[in-house]
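Asks: Contents of work.tsv (TSV, C-alpha atoms) are given next:
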```
chain	number	residue	atom	x	y	z
A	229	MET	CA	-4.78	-44.80	-24.95
A	230	ALA	CA	-8.06	-42.95	-24.39
A	231	ILE	CA	-8.14	-44.13	-20.77
A	232	LYS	CA	-4.56	-42.90	-20.27
A	233	ILE	CA	-5.42	-39.44	-21.68
A	234	LEU	CA	-8.54	-39.28	-19.52
A	235	ARG	CA	-6.58	-40.34	-16.43
A	236	ASN	CA	-3.90	-37.72	-17.07
A	237	PHE	CA	-6.56	-35.07	-17.61
A	238	PHE	CA	-8.25	-35.76	-14.25
A	239	LYS	CA	-4.90	-36.11	-12.51
A	240	ARG	CA	-3.87	-32.68	-13.80
A	241	ILE	CA	-7.13	-31.09	-12.71
A	242	PHE	CA	-7.18	-32.64	-9.24
A	243	THR	CA	-3.47	-32.07	-8.66
A	244	GLY	CA	-4.00	-28.48	-9.75
A	245	ILE	CA	-6.82	-27.99	-7.27
A	246	PHE	CA	-4.90	-29.72	-4.51
A	247	VAL	CA	-1.69	-27.72	-4.96
A	248	HIS	CA	-3.67	-24.56	-5.54
A	249	LYS	CA	-5.58	-24.87	-2.29
A	250	LYS	CA	-2.66	-26.18	-0.32
A	251	HIS	CA	-0.29	-23.33	-1.02
A	252	VAL	CA	-2.42	-20.22	-0.81
A	253	LYS	CA	-0.04	-17.39	-0.16
A	254	LEU	CA	-1.79	-14.89	2.08
A	255	GLY	CA	0.01	-11.57	2.27
A	256	PHE	CA	-0.51	-8.80	4.81
A	257	TYR	CA	0.15	-5.35	3.40
A	258	GLY	CA	-0.49	-1.81	4.47
A	259	PRO	CA	0.99	1.31	5.97
A	260	PRO	CA	3.23	1.14	9.07
A	261	ASN	CA	1.58	0.63	12.45
A	262	ALA	CA	-1.77	-0.46	11.05
A	263	GLY	CA	-1.59	-3.84	12.83
A	264	LYS	CA	-0.44	-6.26	10.11
A	265	THR	CA	1.73	-8.28	12.47
A	266	SER	CA	-0.89	-8.14	15.23
A	267	LEU	CA	-3.43	-9.69	12.87
A	268	ALA	CA	-0.97	-12.27	11.52
A	269	ASN	CA	-0.01	-13.12	15.12
A	270	ARG	CA	-3.63	-13.49	16.15
A	271	ILE	CA	-4.33	-15.93	13.29
A	272	CYS	CA	-1.13	-17.91	13.86
A	273	LYS	CA	-1.69	-18.07	17.59
A	274	ASP	CA	-5.26	-19.33	17.10
A	275	PHE	CA	-4.30	-22.07	14.65
A	276	THR	CA	-0.68	-22.97	15.41
A	277	GLY	CA	-0.16	-21.72	18.95
A	278	GLU	CA	2.82	-19.62	17.85
A	279	GLU	CA	3.15	-15.96	16.91
A	280	MET	CA	4.81	-14.61	13.77
A	281	GLY	CA	6.65	-11.50	14.86
A	282	SER	CA	7.07	-8.80	17.45
A	283	VAL	CA	4.75	-5.80	17.67
A	284	SER	CA	5.46	-2.33	18.98
A	285	LYS	CA	4.04	1.18	19.14
A	286	VAL	CA	7.12	2.36	17.27
A	287	PRO	CA	6.47	2.41	13.50
A	288	HIS	CA	8.40	0.00	11.26
A	289	GLU	CA	8.73	-2.70	13.89
A	290	THR	CA	8.56	-5.28	11.08
A	291	ARG	CA	11.47	-4.50	8.78
A	292	SER	CA	11.81	-7.71	6.84
A	293	VAL	CA	9.27	-10.05	5.28
A	294	GLN	CA	8.26	-12.83	7.69
A	295	PHE	CA	6.72	-16.17	6.82
A	296	LYS	CA	4.74	-18.85	8.48
A	297	GLU	CA	4.41	-21.99	6.42
A	298	ARG	CA	1.44	-24.30	6.59
A	299	VAL	CA	-1.07	-22.46	8.74
A	300	GLU	CA	-4.23	-24.54	8.59
A	301	ILE	CA	-7.28	-22.38	9.16
A	302	GLU	CA	-10.53	-24.09	10.00
A	303	TYR	CA	-13.77	-22.20	9.67
A	304	LYS	CA	-17.29	-23.65	9.79
A	305	GLY	CA	-16.03	-27.14	9.01
A	306	LYS	CA	-13.90	-26.01	6.05
A	307	LYS	CA	-10.13	-26.23	6.17
A	308	MET	CA	-7.52	-24.39	4.15
A	309	THR	CA	-3.77	-24.26	4.49
A	310	PHE	CA	-2.05	-20.94	4.00
A	311	LYS	CA	1.47	-19.68	3.76
A	312	MET	CA	1.24	-16.45	5.70
A	313	ILE	CA	3.46	-13.58	4.63
A	314	ASP	CA	3.72	-10.56	6.90
A	315	THR	CA	5.35	-7.60	5.17
A	316	PRO	CA	6.97	-4.39	6.42
A	317	GLY	CA	4.74	-1.32	6.24
A	318	ILE	CA	4.96	0.60	2.98
A	319	ALA	CA	5.75	4.31	3.25
A	320	THR	CA	6.97	7.02	0.90
A	321	LYS	CA	9.20	8.65	3.48
A	322	ILE	CA	11.28	7.45	6.41
A	323	ASP	CA	13.07	9.84	8.71
A	324	TYR	CA	15.22	8.47	11.52
A	325	GLU	CA	14.35	11.55	13.61
A	326	ASP	CA	10.77	10.28	13.87
A	327	PHE	CA	12.06	7.33	15.91
A	328	LEU	CA	13.83	9.60	18.40
A	329	LYS	CA	10.39	10.57	19.77
A	330	TYR	CA	10.11	7.00	21.07
A	331	LYS	CA	13.30	7.42	23.12
A	332	ILE	CA	15.36	5.40	20.70
A	333	LYS	CA	19.02	6.42	20.55
A	334	LYS	CA	20.23	8.21	17.42
A	335	LYS	CA	22.47	5.37	16.24
A	336	GLU	CA	19.70	2.82	16.71
A	337	ALA	CA	17.17	5.14	15.03
A	338	LYS	CA	19.41	5.49	11.97
A	339	LYS	CA	19.82	1.72	11.79
A	340	ARG	CA	16.06	1.25	12.12
A	341	ALA	CA	15.42	3.79	9.34
A	342	LYS	CA	17.89	2.06	7.02
A	343	GLU	CA	16.34	-1.35	7.67
A	344	ALA	CA	12.85	0.13	7.22
A	345	THR	CA	13.70	1.50	3.75
A	346	GLN	CA	15.03	-1.92	2.75
A	347	GLY	CA	11.87	-3.48	4.16
A	348	VAL	CA	9.66	-1.33	1.93
A	349	VAL	CA	11.65	-2.39	-1.14
A	350	GLU	CA	11.32	-6.03	-0.07
A	351	SER	CA	7.55	-5.68	0.45
A	352	ILE	CA	7.15	-4.28	-3.05
A	353	LYS	CA	9.18	-7.12	-4.57
A	354	TRP	CA	6.86	-9.65	-2.93
A	355	LEU	CA	3.68	-8.18	-4.42
A	356	ASP	CA	3.85	-10.47	-7.44
A	357	ASP	CA	4.05	-13.65	-5.38
A	358	MET	CA	0.80	-13.33	-3.45
A	359	ASN	CA	-2.41	-15.28	-4.06
A	360	ILE	CA	-4.57	-13.17	-1.74
A	361	VAL	CA	-3.65	-9.88	-0.10
A	362	VAL	CA	-5.13	-8.48	3.07
A	363	ILE	CA	-4.69	-4.73	3.23
A	364	VAL	CA	-4.61	-3.83	6.90
A	365	LEU	CA	-5.62	-0.24	7.63
A	366	ASP	CA	-5.85	1.60	10.91
A	367	ALA	CA	-9.56	2.47	11.20
A	368	THR	CA	-8.71	5.59	13.21
A	369	GLU	CA	-6.61	7.06	10.37
A	370	ASN	CA	-7.57	8.78	7.13
A	371	PRO	CA	-7.83	5.99	4.51
A	372	TYR	CA	-7.26	8.36	1.58
A	373	ASN	CA	-3.55	7.77	1.81
A	374	GLN	CA	-1.78	7.42	-1.52
A	375	VAL	CA	0.17	4.40	-0.32
A	376	ASN	CA	-3.09	2.49	0.25
A	377	ILE	CA	-4.39	3.49	-3.17
A	378	THR	CA	-1.09	2.60	-4.86
A	379	ILE	CA	-0.90	-0.86	-3.27
A	380	ILE	CA	-4.51	-1.66	-4.14
A	381	GLY	CA	-4.03	-0.34	-7.69
A	382	ASN	CA	-1.09	-2.68	-8.12
A	383	LEU	CA	-2.95	-5.69	-6.81
A	384	VAL	CA	-5.85	-4.99	-9.14
A	385	ALA	CA	-3.43	-4.68	-12.07
A	386	ARG	CA	-1.92	-8.05	-11.07
A	387	LYS	CA	-5.41	-9.58	-10.67
A	388	ILE	CA	-4.71	-10.54	-7.06
A	389	PRO	CA	-7.83	-10.74	-4.83
A	390	VAL	CA	-7.89	-8.03	-2.17
A	391	LEU	CA	-9.55	-7.90	1.23
A	392	ILE	CA	-9.46	-4.68	3.22
A	393	VAL	CA	-9.31	-4.92	6.99
A	394	ALA	CA	-10.29	-1.93	9.11
A	395	ASN	CA	-8.27	-2.73	12.21
A	396	LYS	CA	-8.46	-1.20	15.71
A	397	ILE	CA	-12.28	-1.06	15.83
A	398	ASP	CA	-11.96	-1.28	19.61
A	399	LEU	CA	-10.84	2.36	19.62
A	400	ALA	CA	-13.43	5.13	19.92
A	401	LYS	CA	-12.01	7.05	16.94
A	402	ALA	CA	-12.38	4.06	14.60
A	403	ASP	CA	-14.53	4.76	11.54
A	404	ILE	CA	-15.18	1.76	9.28
A	405	LYS	CA	-17.66	3.66	7.12
A	406	ARG	CA	-14.94	6.09	6.07
A	407	ILE	CA	-12.85	3.14	4.83
A	408	GLU	CA	-15.86	1.59	3.10
A	409	SER	CA	-16.60	4.83	1.29
A	410	ALA	CA	-12.93	5.23	0.30
A	411	PHE	CA	-12.84	1.73	-1.23
A	412	PRO	CA	-16.44	0.97	-2.28
A	413	GLU	CA	-15.43	-1.78	-4.70
A	414	TYR	CA	-13.86	-3.99	-2.03
A	415	ASP	CA	-14.91	-6.11	0.92
A	416	VAL	CA	-14.09	-4.26	4.13
A	417	VAL	CA	-13.99	-6.21	7.38
A	418	GLY	CA	-13.80	-4.29	10.64
A	419	LEU	CA	-11.95	-6.09	13.41
A	420	SER	CA	-9.67	-5.74	16.36
A	421	ALA	CA	-6.55	-7.88	15.97
A	422	LYS	CA	-5.48	-6.96	19.48
A	423	TYR	CA	-8.64	-8.32	21.11
A	424	GLY	CA	-9.58	-10.91	18.47
A	425	LYS	CA	-12.87	-9.18	17.74
A	426	ASN	CA	-14.86	-10.11	14.60
A	427	LEU	CA	-12.33	-12.55	13.20
A	428	GLU	CA	-15.13	-14.88	12.03
A	429	GLU	CA	-16.14	-12.38	9.34
A	430	PHE	CA	-12.48	-12.08	8.37
A	431	TYR	CA	-12.09	-15.86	7.90
A	432	GLU	CA	-15.32	-16.03	5.94
A	433	SER	CA	-14.09	-13.29	3.59
A	434	VAL	CA	-10.68	-14.96	3.14
A	435	PHE	CA	-12.33	-18.30	2.30
A	436	ARG	CA	-14.66	-16.55	-0.13
A	437	LEU	CA	-11.77	-14.71	-1.79
A	438	SER	CA	-9.75	-17.90	-2.16
A	439	LYS	CA	-12.26	-18.97	-4.80
A	440	LYS	CA	-11.18	-16.00	-6.93
A	441	ILE	CA	-7.53	-16.99	-7.07
A	442	LYS	CA	-6.36	-17.17	-10.70
B	13	MET	CA	-4.77	37.19	10.85
B	14	VAL	CA	-3.68	38.10	7.33
B	15	LYS	CA	-0.46	39.55	8.71
B	16	LYS	CA	0.26	36.34	10.62
B	17	ASN	CA	-0.31	34.22	7.53
B	18	ARG	CA	1.99	36.42	5.47
B	19	LYS	CA	4.69	36.12	8.12
B	20	ASN	CA	4.44	32.34	8.05
B	21	LEU	CA	4.52	32.27	4.28
B	22	GLY	CA	7.74	34.28	4.34
B	23	ASN	CA	9.48	31.40	6.12
B	24	LEU	CA	8.98	29.05	3.22
B	25	LYS	CA	12.10	29.41	1.15
B	26	GLY	CA	14.18	27.38	-1.19
B	27	PHE	CA	11.68	25.47	-3.26
B	28	THR	CA	9.74	25.88	-6.47
B	29	ILE	CA	6.62	24.36	-7.86
B	30	GLN	CA	6.97	22.82	-11.29
B	31	PHE	CA	3.95	22.14	-13.45
B	32	LEU	CA	4.68	19.23	-15.71
B	33	SER	CA	2.52	18.59	-18.73
B	34	TYR	CA	1.83	14.93	-19.48
B	35	SER	CA	3.41	15.44	-22.91
B	36	GLU	CA	6.75	15.80	-21.06
B	37	ILE	CA	6.63	12.17	-19.96
B	38	ARG	CA	4.35	10.58	-22.54
B	39	LYS	CA	7.14	9.25	-24.72
B	40	LEU	CA	9.40	8.20	-21.85
B	41	ASP	CA	9.60	4.62	-20.65
B	42	SER	CA	8.96	3.82	-16.98
B	43	ASP	CA	12.63	4.08	-15.95
B	44	GLU	CA	13.02	7.45	-17.62
B	45	ARG	CA	9.78	8.79	-16.11
B	46	ILE	CA	10.80	7.83	-12.59
B	47	ARG	CA	14.32	9.19	-13.08
B	48	LYS	CA	12.94	12.48	-14.40
B	49	ILE	CA	10.50	12.85	-11.50
B	50	LEU	CA	13.09	12.01	-8.85
B	51	ASN	CA	15.63	14.40	-10.42
B	52	ILE	CA	13.11	17.23	-10.18
B	53	VAL	CA	12.15	16.32	-6.60
B	54	LEU	CA	15.81	16.10	-5.55
B	55	GLY	CA	16.23	19.67	-6.78
B	56	ASN	CA	13.84	20.80	-3.99
B	57	ASN	CA	10.86	21.10	-6.29
B	58	ILE	CA	7.26	20.15	-5.87
B	59	ILE	CA	5.87	18.63	-9.06
B	60	ILE	CA	2.31	19.05	-10.17
B	61	LEU	CA	1.94	16.56	-12.98
B	62	GLN	CA	-0.90	16.51	-15.44
B	63	GLY	CA	-2.14	12.92	-15.49
B	64	LYS	CA	-0.78	10.07	-13.43
B	65	LEU	CA	1.73	7.26	-13.46
B	66	THR	CA	0.72	3.64	-13.93
B	67	PRO	CA	0.21	1.61	-10.72
B	68	ASN	CA	3.45	-0.24	-11.46
B	69	GLU	CA	5.32	3.05	-11.93
B	70	GLU	CA	3.93	4.37	-8.66
B	71	VAL	CA	5.32	1.42	-6.66
B	72	ARG	CA	8.60	1.65	-8.52
B	73	LEU	CA	8.76	5.32	-7.63
B	74	ILE	CA	8.27	4.39	-3.97
B	75	GLY	CA	10.89	1.62	-4.23
B	76	ASP	CA	13.46	3.87	-5.91
B	77	THR	CA	12.76	6.59	-3.35
B	78	MET	CA	13.46	4.15	-0.52
B	79	ALA	CA	16.68	3.05	-2.20
B	80	MET	CA	17.86	6.69	-2.25
B	81	ILE	CA	17.20	7.46	1.42
B	82	GLY	CA	20.46	7.31	3.30
B	83	HIS	CA	22.48	7.63	0.11
B	84	ILE	CA	21.57	11.22	-0.71
B	85	LYS	CA	22.22	13.79	1.97
B	86	ASN	CA	19.11	15.14	3.69
B	87	PHE	CA	16.78	13.13	1.48
B	88	LYS	CA	14.01	11.60	3.60
B	89	GLY	CA	11.62	10.48	0.90
B	90	ILE	CA	8.66	11.95	-0.90
B	91	GLU	CA	5.05	12.86	-0.38
B	92	LEU	CA	2.77	11.67	-3.14
B	93	ALA	CA	-0.90	12.12	-3.94
B	94	VAL	CA	-3.04	11.51	-6.99
B	95	ILE	CA	-6.48	12.92	-7.59
B	96	SER	CA	-8.42	11.36	-10.39
B	97	GLU	CA	-12.02	11.18	-11.35
B	98	ASN	CA	-13.32	7.72	-10.49
B	99	GLY	CA	-16.94	8.35	-9.72
B	100	ASP	CA	-19.86	6.31	-10.96
B	101	ARG	CA	-19.75	6.76	-14.67
B	102	GLY	CA	-21.77	3.80	-15.85
B	103	ILE	CA	-20.57	1.41	-18.49
B	104	PHE	CA	-20.61	3.91	-21.38
B	105	GLY	CA	-18.89	6.55	-19.28
B	106	LYS	CA	-16.14	4.08	-18.42
B	107	MET	CA	-15.78	3.08	-22.07
B	108	ARG	CA	-15.57	6.74	-23.11
B	109	LYS	CA	-12.94	7.44	-20.47
B	110	GLY	CA	-11.01	4.30	-21.46
B	111	LEU	CA	-11.05	5.38	-25.10
B	112	ALA	CA	-9.93	8.92	-24.23
B	113	ASN	CA	-7.11	7.53	-22.06
B	114	ALA	CA	-6.05	5.17	-24.83
B	115	LEU	CA	-5.93	8.02	-27.36
B	116	THR	CA	-3.94	10.32	-25.09
B	117	ARG	CA	-1.95	7.38	-23.67
B	118	GLY	CA	-2.56	8.59	-20.12
B	119	ASP	CA	-5.27	9.66	-17.71
B	120	LEU	CA	-5.25	13.40	-18.35
B	121	GLY	CA	-8.18	13.95	-16.01
B	122	ALA	CA	-5.88	13.15	-13.09
B	123	VAL	CA	-3.40	15.34	-11.23
B	124	THR	CA	-0.37	13.99	-9.40
B	125	VAL	CA	1.44	15.95	-6.71
B	126	ILE	CA	4.92	14.83	-5.68
B	127	GLY	CA	7.22	16.71	-3.34
B	128	PRO	CA	10.30	16.04	-1.22
B	129	ALA	CA	9.45	15.11	2.39
B	130	THR	CA	11.86	17.79	3.63
B	131	ILE	CA	9.53	20.43	2.19
B	132	VAL	CA	6.14	18.75	2.09
B	133	LYS	CA	5.22	17.65	5.58
B	134	GLU	CA	1.99	15.97	4.62
B	135	ILE	CA	-0.48	15.78	1.78
B	136	LYS	CA	-3.93	15.57	3.26
B	137	ARG	CA	-6.46	14.32	0.82
B	138	ASN	CA	-10.05	13.38	0.59
B	139	PRO	CA	-11.99	12.52	-2.57
B	140	LYS	CA	-12.52	16.16	-3.47
B	141	LYS	CA	-9.32	18.01	-2.60
B	142	ILE	CA	-5.63	17.80	-1.81
B	143	GLU	CA	-4.08	19.96	0.91
B	144	LEU	CA	-0.35	20.42	0.97
B	145	MET	CA	1.06	20.93	4.45
B	146	LEU	CA	4.54	22.38	4.22
B	147	ASN	CA	7.40	22.15	6.71
B	148	GLN	CA	8.36	25.48	8.19
```
Once more with this new file: its structure as structure tokens, please.
Replies:
Amino acid sequence: MAIKILRNFFKRIFTGIFVHKKHVKLGFYGPPNAGKTSLANRICKDFTGEEMGSVSKVPHETRSVQFKERVEIEYKGKKMTFKMIDTPGIATKIDYEDFLKYKIKKKEAKKRAKEATQGVVESIKWLDDMNIVVIVLDATENPYNQVNITIIGNLVARKIPVLIVANKIDLAKADIKRIESAFPEYDVVGLSAKYGKNLEEFYESVFRLSKKIK
Amino acid sequence: MVKKNRKNLGNLKGFTIQFLSYSEIRKLDSDERIRKILNIVLGNNIIILQGKLTPNEEVRLIGDTMAMIGHIKNFKGIELAVISENGDRGIFGKMRKGLANALTRGDLGAVTVIGPATIVKEIKRNPKKIELMLNQ
């Protein structure tokens, strides 16, 4: 009887660890055009050979949540399998006229705006399901954007570990220090998803954060 | 220069600024708070709210705003900014603030600005100030 209890106890613990580590849901959140899909693509391409979604200079290119199951990331001899979740950019306003500047026809722009609003709602719904969230910010933009603060506030309230990525460090206007001073309580990793620059630090931070998953 | 500024100011018509005391929303549940705020914003008003919403209410406000775009004529969303004191207070400072917030059931040291995107072009903010850029 005692052996059976002991066996069940260890089985529960080890199964828990195994499942826990095997299904780490890694979400990519942030404002539109910060490079969430570029980063997700870079990781997927490096470890699976396939990309996750299309990227564009036009904001709200990703308008529905996209997944990539079982992405095994190997870093310094350690391996972890992630379910990667790339989400549409969160915004407080969407105006179809903004898309017309990119030579998109009015009808298409209206469709894009409608899909983008639905995408934001979908992103918000997914917040609860994440194990780790990477907030991708454009390092050339002002980080004191309420959307960034709201998303991070929600993740903290849900006790979900957060990593902040300052993307586009290849650009001259990029300013990581401004992001670090805006979010002093969080790890900030500067990288360029486009050129694959400084991804090692990113993987190290993700592996470190995975230990904080509740 | 002054003349030019006055001329520009004259172009800004059709909106009001409403100051909302936290006591106006204190007893409301989250649904009622968001409905109240969106009703005011839809009436072409900029709200300056004493205190702030909870993080969950903030995302729900964004979600509800998105759900309204395309269903309400000329509504393109909102601009939102919160300024609150979150400097280094030390452990006792944080406890004091937490106690004060618990007693008042809200962070009264914060200010929330919410406006319709048709009127408020952008809210530029840094840790010390909020600048409202209006559409002309």
Asks: For chain A, report every residue with an atom at most 8 Å from chain B (counting all atoms listed in the file), formatted as a JSON list (two decimals) with C-alpha atoms, in the coordinates of the input.
Replies:
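Final output, saved to out37.json:
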```json
[["chain", "number", "residue", "atom", "x", "y", "z"],
["A", 319, "ALA", "CA", 5.75, 4.31, 3.25],
["A", 320, "THR", "CA", 6.97, 7.02, 0.90],
["A", 321, "LYS", "CA", 9.20, 8.65, 3.48],
["A", 322, "ILE", "CA", 11.28, 7.45, 6.41],
["A", 323, "ASP", "CA", 13.07, 9.84, 8.71],
["A", 342, "LYS", "CA", 17.89, 2.06, 7.02],
["A", 345, "THR", "CA", 13.70, 1.50, 3.75],
["A", 346, "GLN", "CA", 15.03, -1.92, 2.75],
["A", 348, "VAL", "CA", 9.66, -1.33, 1.93],
["A", 349, "VAL", "CA", 11.65, -2.39, -1.14],
["A", 352, "ILE", "CA", 7.15, -4.28, -3.05],
["A", 372, "TYR", "CA", -7.26, 8.36, 1.58],
["A", 373, "ASN", "CA", -3.55, 7.77, 1.81],
["A", 374, "GLN", "CA", -1.78, 7.42, -1.52],
["A", 378, "THR", "CA", -1.09, 2.60, -4.86],
["A", 379, "ILE", "CA", -0.90, -0.86, -3.27],
["A", 381, "GLY", "CA", -4.03, -0.34, -7.69],
["A", 382, "ASN", "CA", -1.09, -2.68, -8.12],
["A", 385, "ALA", "CA", -3.43, -4.68, -12.07],
["A", 410, "ALA", "CA", -12.93, 5.23, 0.30]]
```
Asks: Would you mind reading off the distance between CA of Glu36 in chain B and CA of Lys48 in chain B, one decimal, in Å?
Replies: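 Calculated distance between CA of Glu36 in chain B and CA of Lys48 in chain B is 9.7 Å.
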Asks: Calculate how many Å separate CA of Val364 in chain A from CA of Ile404 in chain A, rounding to one decimal.
Replies: 12.2 Å
Asks: Using only C-alpha atoms, find the one residue out of B:Val123, B:Val132, B:Ile46, B:Ile60 that sits nearest to Phe27 in chain B.
Replies: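 Smallest distance to Phe27 in chain B is found for B:Val132.
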Asks: If you measure from CA of Leu61 in chain B to CA of Ile131 in chain B, what distance in Å do you get, rounded to one decimal?
Replies: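 Taking CA of Leu61 in chain B and CA of Ile131 in chain B, their separation equals 17.4 Å.
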Asks: Would you list the contacts of Glu369 in chain A as a list in words, taking every protein, DNA or RNA residue within 9 Å and counting only C-alpha atoms, but skipping same-chain residues closer than 5 positions in sequence?
Replies: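 Skipping anything fewer than 5 positions along the chain leaves Ala262, Lys401, Ala402 and Asp403 of chain A.
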Asks: Would you please work out which residue, of A:Ile397, A:Leu437, A:Leu267, A:Ile380, is nearest to Ile360 in chain A when using all atoms listed in the file?
Replies: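 Ranked by minimum distance to Ile360 in chain A, first place goes to A:Leu437.
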Asks: Taking (-6.1, -12.1, -7.6) in the coordinates of the supplied file, I want to know which residues reach to within 8 Å of it, counting only C-alpha atoms; could you give the answer as a PyMOL selection string?
Replies: chain A and resi 359-360+383-384+386-390+440-442
Asks: Can those selected residues be exported to a file as a compact mmCIF listing (two decimals), keeping the file's coordinate frame so that it contains C-alpha atoms?
Replies:
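part.txt, freshly written:
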```txt
# COMPACT_ATOMS: atom_id res chain seq x y z
CA ASN A 359 -2.41 -15.28 -4.06
CA ILE A 360 -4.57 -13.17 -1.74
CA LEU A 383 -2.95 -5.69 -6.81
CA VAL A 384 -5.85 -4.99 -9.14
CA ARG A 386 -1.92 -8.05 -11.07
CA LYS A 387 -5.41 -9.58 -10.67
CA ILE A 388 -4.71 -10.54 -7.06
CA PRO A 389 -7.83 -10.74 -4.83
CA VAL A 390 -7.89 -8.03 -2.17
CA LYS A 440 -11.18 -16.00 -6.93
CA ILE A 441 -7.53 -16.99 -7.07
CA LYS A 442 -6.36 -17.17 -10.70
```
Asks: Choose the residue, out of B:Met145, B:Lys64, B:Leu120, B:Gln30, that has the smallest atom-to-atom separation from Arg45 in chain B; count only C-alpha atoms.
Replies: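 So, comparing all the options, the nearest one is B:Lys64.
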Asks: Looking at A:Lys335, A:Arg340, A:Lys311, A:Lys264, which one is nearest to Asp357 in chain A, with distances taken over all atoms listed in the file?
Replies: A:Lys311
Asks: Using only C-alpha atoms, which residue out of A:Asp314, A:Asp326, A:Glu413, A:Glu279 lies closest to Gly255 in chain A?
Replies: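 Between A:Asp314, A:Asp326, A:Glu413, A:Glu279, the residue approaching Gly255 in chain A most closely is A:Asp314.
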